[in-house]
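Student: Once you've had a glance at the structure underneath, I'll fire off some questions.
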Amino acid sequence: MGFMLPDETFFNQDFAAEAELLRTIRHNLLDGSSPIAIPSNLRFTFDPEISQVYITLFQGGTKPIRWGSRKKTLAESIARVTEQLRGNPGVADFAIADPRRCRILFEVVTAEYPCDPKQTTIVHLNANRLEPGLHGLRFRYDGLLYYYLPTDAVTHSLMTMNQVYNHLAKRTGIAKKTNRISERVALMRSLPTEYAIITSFACVSYEDRALPLYRGYPVPVRFSRERLRTCIVAGTDWILGNMKPNGQFLYYYDGLTGSEIDFQHPRMTNPPYYNILRHSGGTITLLRTYELTGEKKYLEGAKASIEFFLTVLREHEYQNQYACYPFFNKKSKLGGAGIGLVALLHYFRLSGDPHYRKYIDGLVRHILSRVSESGEMIGYFVHPLFRDGREIIDPDEQTKKELFSFYYPGEALLGLALYLRYIPDIDPQLKDQIHAKGKSALDFLVHVRPKKYHYLFEPLPADGWLMQAIEEWVKIEGFGDHSYIDFVFNDAQAMIDHMYQEHDSPYFDYVGAFYYHYGEHAYPDGARCEGLMAAYYLARYLGNERRAAHFLAYLQKAAKNILYTYNTPESCYAHCNPEKSVDSFRFKLTRQWVRVDSVQHAVCFYARLYDAMESP
């Protein structure tokens with residue numbers, strides 16, 4: 001792949017020399033007459049042929065400023081850069097003398113080799129691999145030399161090749177030729193110039209220290225059981241602290257721009273896009289942390305979020321009895337009823353408060369109404385593109401396929417199982433219906449779905465909700481079917497088989513992350529980990545300690561991997577408001593957006609893993 005990147009042990013060294021270098025840079029920015037003294041024992045080598053030096057100033061609420069240069073020596077290069085930064089009108093906005101406010105990123109190119117821009121990839125492990133955050137690009141265009149630095153992936157929230165080349169099209173002015181991103185990318189990949197892939201050494205100041213960066217983030221990541229607890233509480237506090245007065249959560253947040261407009265729904269701005277399934281996921285997170293800590297603020301927050309959920313419920317009848325369903329964004333999704341029911345049941349389980357029993361029963365009846373004779377669960381009850389937005393009753397086979405959801409049935413079945421397990425005094429007739437329809441739905445998902453919807457299945461299993469549902473159903477008399485149990489264990493093992501390990505991971509921060517096809521960019525995934533966690537607890541429930549220990553070993557790898565997406569005070573140097581980002585979890589390694597469910601899945605996974613790791 002061209003050159004070697006440092007392993008994790010590299011970052012366990014003493015970086016006192018780099019800290020001294022950053023102090024020298026800071027002093028020279030304040031006083032241009034200060035000499036540039038280069039410390040000995042720096043952890044990188046300056047090569048005057050390739051070692052372009054960049055210095056960037058970051059400060060919350062202030063647009064970053066950066067300059068780069070390459071002279072005969074490192075000292076001359078730094079002197080030139082600091083001279084240019086001092087002359088930048090924006091430098092007056094930086095409290096350079098205060099290392100707690102103004103953070104300095106130092107980056108120097110350490111290696112380069114030619115590449116074919118038409119072949120650059122994050123899918124294949126070859127000489128044209130452009131790994132986000134670890135590799136950059138150097139090229140000339142219109143007489144100017146351009147550098148896309150490795151850390152630019154983090155400081156500009158970039159991951160895919162399209163994102164990188166679109167970013168470069170804007171920098172070079174090529175973006176002015178077309179508004180179509182695909183055309184911009186094609187133009188950038190076809191420039192009549194030589195491209196080179198580069199690597200760098202980078203460190204960022206944090207108070208009086210220099211933090212070495214890997215993929216743009218401080219490393220190494222420390223993993224322990226107590227670290228999990230810290231992240232559980234802090235992540236939940238982030239969700240609770242960003243709750244709105246009406247009980248809604250902050251759905252989406254881009255740490256770089258401060259935007260709360262979901263990039264997947266850019267036209268929905270007033271109010272921004274919101275999702276009722278992920279809202280209930282936020283409720284469940286608060287309840288998990290209440291269960292862990294006993295702190296009433298989490299229970300009270302959950303109650304407030306439930307009150308918002310109740311505002312979107314609509315009523316109907318099922319078998320002449322009260323039923324209800326969530327209606328949001330002009331749709332009623334089976335998963336919205338399922339996760340909403342799960343949230344209400346966890347609230348009842350932990351609080352004992354029967355106040356929401358009417359709605360719990362109503363959601364149960366609604367879910368039962370969505371189980372067809374074949375056991376297939378209908379994904380939507382209302383959809384604006386079907387029946388003019390009216391309730392969908394007894395759809396034909398083609399409509400079922402069009403409305404089918406891979407995830408919603410598992411969410412709904414988890415709610416039904418928890419209802420049977422935790423609600424007292426269930427009407428016997430209703431209980432019989434839940435048993436019968438639950439069995440029919442489980443049989444469909446385990447035996448029929450793989451054939452009927454074979455085209456939806458990927459090498460990496462994705463139905464963590466159904467794995468959690470089966471964990472609960474197996475505890476109910478009559479549902480210990482080996483095919484259900486095998487489904488959970490087989491999917492869990494397939495997840496492990498598609499997880500980067502120490503012996504095959506191309507980068508050390510990939511260990512514990514998932515992939516669909518080996519070599520592609522890593523997927524840190526708390527949602528899948530919740531499914532794998534269910535497999536662990538199911539194995540333990542069945543007395544299979546060997547299998548449980550097997551799953552637990554990989555769950556801990558996955559947990560450490562997700563820590564690379566955790567926003568710490570040290571890692572949020574490029575964010576417009578670092579304090580608002582801290583303690584949230586990003587969805588991707590280099591992209592800087594957070595969604596309520598990226599925090600939710602990580603925290604809920606950690607909460608169950610924390611219990612599993614308890615010493616005997």
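Please note that chains go A, B, ... in the order of the structure tokens, that every chain numbers its residues from 1, and that ligands are numbered from 1 in the order shown.
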Just list the residues in segment 117-347 of chain A DSSP gives strand (DSSP E or B) on the backbone, as a ChimeraX atom specification.
Tutor: /A:121,129,136-141,144-148,195-206,209-214,217-218,252-254,269,272,313-318,321-326,328,331-333
Student: I'd like to know which of A:Phe508, A:Phe46, A:Phe201, A:Tyr515 is closest to Gly216 of chain A, using only C-alpha atoms.
Tutor: A:Phe201
Student: Using only C-alpha atoms, which residues sit within 7 Å of segment 143-157 of chain A once same-chain residues fewer than 5 positions away are excluded, as a tab-separated table (two decimals) with C-alpha atoms, in the first residue's frame?
Tutor:
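Generated output (out.tsv):
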```tsv
chain	number	residue	atom	x	y	z
A	132	PRO	CA	-9.98	8.88	5.21
A	133	GLY	CA	-7.93	10.76	7.79
A	134	LEU	CA	-4.72	8.83	7.15
A	135	HIS	CA	-3.96	9.66	3.52
A	136	GLY	CA	-4.08	12.94	1.63
A	137	LEU	CA	-3.39	14.17	-1.90
A	138	ARG	CA	-0.92	16.50	-3.59
A	199	THR	CA	0.86	10.85	4.71
A	200	SER	CA	1.69	13.22	7.52
A	215	ARG	CA	-6.94	9.81	11.62
A	216	GLY	CA	-7.18	13.33	12.97
A	574	ALA	CA	-12.20	21.75	14.83
A	590	THR	CA	-14.14	11.17	10.16
A	591	ARG	CA	-17.57	12.65	9.48
A	592	GLN	CA	-18.55	15.14	12.17
```
Student: Considering only C-alpha atoms, return as a ChimeraX atom specification whatever protein or nucleic-acid residues lie within 8 Å of Asn329 of chain A, sequence-local ones (same chain, fewer than 2 positions apart) excluded.
Tutor: /A:275,327,331
